[in-house]
Amino acid sequence: MNGSLLQLLQRLNEAQVEYILVGGMAAVLHGAPVATMDVDVVHRRTPANVARLLALLASLEAHYRGQPAGRILMPTTAALMGSGHNNLATVLGPLDLLCELAPGVGFDELLPDTECRSAGDFTIRIPTLRKLIEIKADTARPKDLLLLPILLKLDRPDNA
């Protein structure tokens, strides 16, 4: 795993932000031999959790990616309590905060289909392999469809 991205996850944990890691890094934690260049998380949208998240984001100089030159747009409580995706740049690398994976599918709905994995001295909550496969199939973006056969192979009991 990319060191700065791992530091980003560690900082989320240290700030006591409730989140579920999804995306390529979750696939890596399931054993997929893939590379990823960002951190994708679904965060719990409660006032206390979003306040902790915003404080962390300020310390990481987080701002929205893809803004016109000279314009820096910072995340807000309203944006993080909403239902959209917040694609941010931080001093530790790209961080995508997903309020919902799909309409009505946020942290609380995803939580029952998760498990915890160790990442050194802290724990990361990720979707189960079957749930991650479902997420990637439902999303159906080209990069997700490329990852799907790898995840399906990992899901086979004989791993052959």
# chains A, B, ... in the order shown; residues from 1 in each chain; ligands from 1
$ residues_around --residues "Val91 in chain A" --least-positions-apart "3" --cutoff "12 Å" --atoms "only C-alpha atoms" --output "list in words"
Ser4, Leu5, Gln7, Leu8, Arg11, Leu56, Leu57, Ala58, Ser59, Leu60, Glu61, Ala62, His63, Leu88, Pro94 and Leu95 of chain A
$ write_last_selection --atoms "N, CA and C atoms" --output "PDB file, in the first residue's frame"
ATOM      1  N   SER A   4       1.894   7.187   1.878  1.00  0.00           N
ATOM      2  CA  SER A   4       1.166   8.401   2.246  1.00  0.00           C
ATOM      3  C   SER A   4      -0.336   8.130   2.330  1.00  0.00           C
ATOM      4  N   LEU A   5      -0.839   7.226   1.492  1.00  0.00           N
ATOM      5  CA  LEU A   5      -2.254   6.890   1.563  1.00  0.00           C
ATOM      6  C   LEU A   5      -2.550   6.112   2.851  1.00  0.00           C
ATOM      7  N   GLN A   7      -0.902   6.604   5.577  1.00  0.00           N
ATOM      8  CA  GLN A   7      -0.873   7.661   6.593  1.00  0.00           C
ATOM      9  C   GLN A   7      -2.213   8.401   6.643  1.00  0.00           C
ATOM     10  N   LEU A   8      -2.820   8.580   5.483  1.00  0.00           N
ATOM     11  CA  LEU A   8      -4.124   9.237   5.420  1.00  0.00           C
ATOM     12  C   LEU A   8      -5.160   8.431   6.201  1.00  0.00           C
ATOM     13  N   ARG A  11      -4.481   8.773   9.883  1.00  0.00           N
ATOM     14  CA  ARG A  11      -4.954  10.070  10.393  1.00  0.00           C
ATOM     15  C   ARG A  11      -6.470  10.065  10.590  1.00  0.00           C
ATOM     16  N   LEU A  56     -10.059  17.331  10.725  1.00  0.00           N
ATOM     17  CA  LEU A  56      -8.944  16.611  10.114  1.00  0.00           C
ATOM     18  C   LEU A  56      -8.644  17.176   8.727  1.00  0.00           C
ATOM     19  N   LEU A  57      -9.678  17.387   7.930  1.00  0.00           N
ATOM     20  CA  LEU A  57      -9.482  17.901   6.574  1.00  0.00           C
ATOM     21  C   LEU A  57      -8.773  19.246   6.586  1.00  0.00           C
ATOM     22  N   ALA A  58      -9.097  20.102   7.550  1.00  0.00           N
ATOM     23  CA  ALA A  58      -8.412  21.399   7.653  1.00  0.00           C
ATOM     24  C   ALA A  58      -6.923  21.198   7.912  1.00  0.00           C
ATOM     25  N   SER A  59      -6.583  20.238   8.782  1.00  0.00           N
ATOM     26  CA  SER A  59      -5.172  19.987   9.089  1.00  0.00           C
ATOM     27  C   SER A  59      -4.432  19.370   7.900  1.00  0.00           C
ATOM     28  N   LEU A  60      -5.168  18.741   6.989  1.00  0.00           N
ATOM     29  CA  LEU A  60      -4.572  18.129   5.793  1.00  0.00           C
ATOM     30  C   LEU A  60      -4.638  19.049   4.577  1.00  0.00           C
ATOM     31  N   GLU A  61      -5.077  20.305   4.804  1.00  0.00           N
ATOM     32  CA  GLU A  61      -5.207  21.286   3.725  1.00  0.00           C
ATOM     33  C   GLU A  61      -6.068  20.756   2.580  1.00  0.00           C
ATOM     34  N   ALA A  62      -7.138  20.069   2.922  1.00  0.00           N
ATOM     35  CA  ALA A  62      -8.010  19.447   1.923  1.00  0.00           C
ATOM     36  C   ALA A  62      -8.791  20.495   1.150  1.00  0.00           C
ATOM     37  N   HIS A  63      -8.875  20.255  -0.159  1.00  0.00           N
ATOM     38  CA  HIS A  63      -9.676  21.099  -1.045  1.00  0.00           C
ATOM     39  C   HIS A  63     -10.124  20.260  -2.230  1.00  0.00           C
ATOM     40  N   LEU A  88     -11.331  15.139  -3.063  1.00  0.00           N
ATOM     41  CA  LEU A  88     -10.437  16.113  -2.450  1.00  0.00           C
ATOM     42  C   LEU A  88      -8.973  15.804  -2.705  1.00  0.00           C
ATOM     43  N   PRO A  94      -4.822  12.061  -2.714  1.00  0.00           N
ATOM     44  CA  PRO A  94      -6.248  12.199  -3.007  1.00  0.00           C
ATOM     45  C   PRO A  94      -7.124  11.418  -2.026  1.00  0.00           C
ATOM     46  N   LEU A  95      -8.215  12.052  -1.615  1.00  0.00           N
ATOM     47  CA  LEU A  95      -9.178  11.452  -0.704  1.00  0.00           C
ATOM     48  C   LEU A  95     -10.570  11.700  -1.260  1.00  0.00           C
TER      49      LEU A  95
END
$ closest_atom_pairs --of "range 84-158 of chain A" --to "range 18-38 of chain A" --cutoff "10 Å" --atoms "only C-alpha atoms" --output "JSON lines"
{"residue": "A:Asn87", "atom": "CA", "partner": "A:Asp38", "partner_atom": "CA", "distance": 9.7}
{"residue": "A:Leu88", "atom": "CA", "partner": "A:Asp38", "partner_atom": "CA", "distance": 9.7}
{"residue": "A:Ala89", "atom": "CA", "partner": "A:Asp38", "partner_atom": "CA", "distance": 9.4}
{"residue": "A:Leu92", "atom": "CA", "partner": "A:Asp38", "partner_atom": "CA", "distance": 9.7}
{"residue": "A:Gly93", "atom": "CA", "partner": "A:Asp38", "partner_atom": "CA", "distance": 6.6}
{"residue": "A:Pro94", "atom": "CA", "partner": "A:Asp38", "partner_atom": "CA", "distance": 4.8}
{"residue": "A:Leu95", "atom": "CA", "partner": "A:Asp38", "partner_atom": "CA", "distance": 5.8}
{"residue": "A:Asp96", "atom": "CA", "partner": "A:Asp38", "partner_atom": "CA", "distance": 7.3}
{"residue": "A:Leu97", "atom": "CA", "partner": "A:Tyr19", "partner_atom": "CA", "distance": 9.2}
{"residue": "A:Leu98", "atom": "CA", "partner": "A:Val22", "partner_atom": "CA", "distance": 9.2}
{"residue": "A:Leu101", "atom": "CA", "partner": "A:Val22", "partner_atom": "CA", "distance": 9.3}
{"residue": "A:Gly106", "atom": "CA", "partner": "A:Ile20", "partner_atom": "CA", "distance": 9.7}
{"residue": "A:Phe107", "atom": "CA", "partner": "A:Ile20", "partner_atom": "CA", "distance": 7.0}
{"residue": "A:Asp108", "atom": "CA", "partner": "A:Ile20", "partner_atom": "CA", "distance": 9.9}
{"residue": "A:Leu110", "atom": "CA", "partner": "A:Ile20", "partner_atom": "CA", "distance": 8.2}
{"residue": "A:Leu111", "atom": "CA", "partner": "A:Ile20", "partner_atom": "CA", "distance": 7.7}
{"residue": "A:Thr114", "atom": "CA", "partner": "A:Ile20", "partner_atom": "CA", "distance": 7.9}
{"residue": "A:Glu115", "atom": "CA", "partner": "A:Ile20", "partner_atom": "CA", "distance": 9.3}
{"residue": "A:Cys116", "atom": "CA", "partner": "A:Ile20", "partner_atom": "CA", "distance": 9.4}
{"residue": "A:Arg117", "atom": "CA", "partner": "A:Leu29", "partner_atom": "CA", "distance": 7.3}
{"residue": "A:Ser118", "atom": "CA", "partner": "A:Leu29", "partner_atom": "CA", "distance": 8.9}
{"residue": "A:Ala119", "atom": "CA", "partner": "A:Leu29", "partner_atom": "CA", "distance": 8.8}
{"residue": "A:Ile124", "atom": "CA", "partner": "A:Leu21", "partner_atom": "CA", "distance": 7.0}
{"residue": "A:Arg125", "atom": "CA", "partner": "A:Ile20", "partner_atom": "CA", "distance": 5.1}
{"residue": "A:Ile126", "atom": "CA", "partner": "A:Leu21", "partner_atom": "CA", "distance": 5.0}
{"residue": "A:Pro127", "atom": "CA", "partner": "A:Val22", "partner_atom": "CA", "distance": 6.8}
{"residue": "A:Thr128", "atom": "CA", "partner": "A:His30", "partner_atom": "CA", "distance": 8.4}
{"residue": "A:Leu129", "atom": "CA", "partner": "A:His30", "partner_atom": "CA", "distance": 6.7}
{"residue": "A:Leu132", "atom": "CA", "partner": "A:Val22", "partner_atom": "CA", "distance": 7.5}
{"residue": "A:Ile133", "atom": "CA", "partner": "A:Ala27", "partner_atom": "CA", "distance": 9.2}
{"residue": "A:Ile135", "atom": "CA", "partner": "A:Val22", "partner_atom": "CA", "distance": 8.9}
{"residue": "A:Lys136", "atom": "CA", "partner": "A:Gly23", "partner_atom": "CA", "distance": 8.3}
{"residue": "A:Lys143", "atom": "CA", "partner": "A:Gly24", "partner_atom": "CA", "distance": 9.7}
{"residue": "A:Asp144", "atom": "CA", "partner": "A:Gly23", "partner_atom": "CA", "distance": 8.6}
{"residue": "A:Leu147", "atom": "CA", "partner": "A:Val34", "partner_atom": "CA", "distance": 8.2}
{"residue": "A:Leu148", "atom": "CA", "partner": "A:Ala27", "partner_atom": "CA", "distance": 9.8}
{"residue": "A:Ile150", "atom": "CA", "partner": "A:Ala32", "partner_atom": "CA", "distance": 6.6}
{"residue": "A:Leu151", "atom": "CA", "partner": "A:Ala32", "partner_atom": "CA", "distance": 6.7}
{"residue": "A:Lys153", "atom": "CA", "partner": "A:Ala32", "partner_atom": "CA", "distance": 9.3}
{"residue": "A:Leu154", "atom": "CA", "partner": "A:Ala32", "partner_atom": "CA", "distance": 7.4}
{"residue": "A:Asp155", "atom": "CA", "partner": "A:His30", "partner_atom": "CA", "distance": 9.4}
$ write_last_selection --atoms "N, CA and C atoms" --output "short mmCIF file (atom, residue, chain, number, x, y, z; two decimals), in the first residue's frame"
data_model
loop_
_atom_site.label_atom_id
_atom_site.label_comp_id
_atom_site.auth_asym_id
_atom_site.auth_seq_id
_atom_site.Cartn_x
_atom_site.Cartn_y
_atom_site.Cartn_z
N ASN A 87 -14.48 14.82 -3.96
CA ASN A 87 -13.16 14.40 -4.43
C ASN A 87 -12.15 15.47 -4.06
N LEU A 88 -11.33 15.14 -3.06
CA LEU A 88 -10.44 16.11 -2.45
C LEU A 88 -8.97 15.80 -2.70
N ALA A 89 -8.17 16.85 -2.70
CA ALA A 89 -6.72 16.74 -2.66
C ALA A 89 -6.30 17.07 -1.23
N LEU A 92 -1.50 14.52 1.91
CA LEU A 92 -1.10 13.10 1.89
C LEU A 92 -1.60 12.36 0.66
N GLY A 93 -2.32 13.04 -0.22
CA GLY A 93 -2.81 12.41 -1.44
C GLY A 93 -4.31 12.57 -1.59
N PRO A 94 -4.82 12.06 -2.71
CA PRO A 94 -6.25 12.20 -3.01
C PRO A 94 -7.12 11.42 -2.03
N LEU A 95 -8.21 12.05 -1.61
CA LEU A 95 -9.18 11.45 -0.70
C LEU A 95 -10.57 11.70 -1.26
N ASP A 96 -11.27 10.62 -1.55
CA ASP A 96 -12.64 10.73 -2.05
C ASP A 96 -13.59 10.35 -0.93
N LEU A 97 -14.39 11.31 -0.48
CA LEU A 97 -15.36 11.10 0.58
C LEU A 97 -16.72 10.89 -0.07
N LEU A 98 -17.23 9.68 0.05
CA LEU A 98 -18.48 9.32 -0.57
C LEU A 98 -19.57 9.34 0.50
N LEU A 101 -22.83 5.48 -1.56
CA LEU A 101 -22.37 4.72 -2.73
C LEU A 101 -23.40 4.80 -3.85
N GLY A 106 -25.57 4.55 2.37
CA GLY A 106 -24.49 5.25 3.05
C GLY A 106 -23.81 4.34 4.06
N PHE A 107 -23.12 4.95 5.00
CA PHE A 107 -22.35 4.23 6.02
C PHE A 107 -23.22 3.22 6.77
N ASP A 108 -24.34 3.69 7.29
CA ASP A 108 -25.16 2.82 8.14
C ASP A 108 -25.73 1.62 7.38
N LEU A 110 -24.30 0.23 4.75
CA LEU A 110 -23.16 -0.61 4.37
C LEU A 110 -22.56 -1.36 5.56
N LEU A 111 -22.66 -0.80 6.74
CA LEU A 111 -22.00 -1.32 7.94
C LEU A 111 -22.22 -2.81 8.20
N THR A 114 -19.62 -5.38 6.50
CA THR A 114 -18.21 -4.99 6.60
C THR A 114 -17.46 -5.89 7.57
N GLU A 115 -16.15 -5.78 7.52
CA GLU A 115 -15.27 -6.49 8.45
C GLU A 115 -14.07 -5.59 8.71
N CYS A 116 -13.34 -5.88 9.76
CA CYS A 116 -12.17 -5.09 10.11
C CYS A 116 -10.90 -5.81 9.69
N ARG A 117 -9.94 -5.04 9.18
CA ARG A 117 -8.63 -5.55 8.81
C ARG A 117 -7.56 -4.73 9.50
N SER A 118 -6.49 -5.39 9.86
CA SER A 118 -5.38 -4.71 10.51
C SER A 118 -4.48 -4.05 9.47
N ALA A 119 -4.04 -2.86 9.80
CA ALA A 119 -3.07 -2.15 8.96
C ALA A 119 -1.97 -1.65 9.91
N ILE A 124 -8.84 -1.04 9.99
CA ILE A 124 -9.59 -0.42 8.91
C ILE A 124 -10.84 -1.26 8.65
N ARG A 125 -11.99 -0.60 8.60
CA ARG A 125 -13.24 -1.29 8.27
C ARG A 125 -13.43 -1.25 6.76
N ILE A 126 -13.66 -2.43 6.16
CA ILE A 126 -13.86 -2.55 4.72
C ILE A 126 -15.10 -3.41 4.45
N PRO A 127 -15.67 -3.29 3.25
CA PRO A 127 -16.77 -4.19 2.91
C PRO A 127 -16.26 -5.63 2.83
N THR A 128 -17.13 -6.59 3.12
CA THR A 128 -16.75 -7.98 2.88
C THR A 128 -16.43 -8.13 1.40
N LEU A 129 -15.71 -9.19 1.06
CA LEU A 129 -15.35 -9.39 -0.34
C LEU A 129 -16.61 -9.49 -1.21
N LEU A 132 -17.99 -6.04 -1.69
CA LEU A 132 -17.14 -5.26 -2.59
C LEU A 132 -17.39 -5.67 -4.04
N ILE A 133 -17.54 -6.95 -4.27
CA ILE A 133 -17.87 -7.44 -5.61
C ILE A 133 -19.20 -6.84 -6.07
N ILE A 135 -20.60 -4.06 -5.03
CA ILE A 135 -20.41 -2.62 -5.24
C ILE A 135 -19.79 -2.37 -6.60
N LYS A 136 -18.73 -3.10 -6.92
CA LYS A 136 -18.04 -2.90 -8.19
C LYS A 136 -18.93 -3.25 -9.37
N LYS A 143 -13.06 0.97 -14.85
CA LYS A 143 -12.01 0.49 -13.94
C LYS A 143 -12.55 -0.53 -12.94
N ASP A 144 -13.82 -0.40 -12.55
CA ASP A 144 -14.43 -1.38 -11.65
C ASP A 144 -14.65 -2.70 -12.36
N LEU A 147 -11.52 -4.67 -12.48
CA LEU A 147 -11.17 -5.24 -11.18
C LEU A 147 -12.05 -6.44 -10.81
N LEU A 148 -13.24 -6.47 -11.35
CA LEU A 148 -14.22 -7.49 -10.98
C LEU A 148 -13.72 -8.93 -11.15
N ILE A 150 -10.77 -10.11 -10.93
CA ILE A 150 -9.77 -10.37 -9.88
C ILE A 150 -10.47 -10.63 -8.56
N LEU A 151 -11.46 -9.81 -8.23
CA LEU A 151 -12.20 -10.00 -6.99
C LEU A 151 -12.98 -11.31 -7.00
N LYS A 153 -12.15 -14.00 -8.55
CA LYS A 153 -11.19 -15.08 -8.37
C LYS A 153 -10.80 -15.22 -6.89
N LEU A 154 -10.67 -14.09 -6.20
CA LEU A 154 -10.36 -14.12 -4.77
C LEU A 154 -11.50 -14.74 -3.97
N ASP A 155 -12.71 -14.65 -4.49
CA ASP A 155 -13.89 -15.15 -3.78
C ASP A 155 -14.07 -16.65 -3.95
#
$ closest_residue --among "A:Gln10, A:Thr77, A:Thr139, A:Thr123" --to "Asn49 in chain A" --atoms "only C-alpha atoms"
A:Thr77
$ select_by_dssp --residues "range 1-126 of chain A" --states "helix (DSSP H, G or I)" --output "ChimeraX atom specification"
/A:3-14,24-29,47-59,77-81,107-113
$ closest_residue --among "A:Ala69, A:Ala137, A:Ala55, A:Cys99" --to "Ser83 in chain A" --atoms "only C-alpha atoms"
A:Cys99
$ atom_distance --atom1 "CA of Asp138 in chain A" --atom2 "CA of Met81 in chain A"
23.2 Å
$ select_by_dssp --residues "range 8-38 of chain A" --states "strand (DSSP E)" --output "list in words"
Tyr19, Ile20, Leu21 and Val22 of chain A
$ write_last_selection --atoms "N, CA and C atoms" --output "PDB file, in the first residue's frame"
ATOM      1  N   TYR A  19     -15.612   5.604   9.328  1.00  0.00           N
ATOM      2  CA  TYR A  19     -15.611   5.469   7.884  1.00  0.00           C
ATOM      3  C   TYR A  19     -15.486   4.001   7.503  1.00  0.00           C
ATOM      4  N   ILE A  20     -15.832   3.732   6.249  1.00  0.00           N
ATOM      5  CA  ILE A  20     -15.619   2.408   5.653  1.00  0.00           C
ATOM      6  C   ILE A  20     -14.782   2.637   4.412  1.00  0.00           C
ATOM      7  N   LEU A  21     -13.655   1.957   4.327  1.00  0.00           N
ATOM      8  CA  LEU A  21     -12.783   2.059   3.167  1.00  0.00           C
ATOM      9  C   LEU A  21     -13.382   1.246   2.023  1.00  0.00           C
ATOM     10  N   VAL A  22     -13.574   1.872   0.893  1.00  0.00           N
ATOM     11  CA  VAL A  22     -14.078   1.195  -0.304  1.00  0.00           C
ATOM     12  C   VAL A  22     -13.092   1.475  -1.433  1.00  0.00           C
TER      13      VAL A  22
END
$ closest_residue --among "A:Arg71, A:Glu134, A:Ala140, A:Val42" --to "Leu152 in chain A" --atoms "only C-alpha atoms"
A:Glu134
$ atom_distance --atom1 "CA of Glu14 in chain A" --atom2 "CA of Leu53 in chain A"
10.7 Å
$ atom_distance --atom1 "CA of Glu100 in chain A" --atom2 "CA of Gly84 in chain A"
6.5 Å
$ closest_residue --among "A:Pro68, A:Pro47, A:Val39, A:Arg52" --to "Thr90 in chain A" --atoms "only C-alpha atoms"
A:Val39
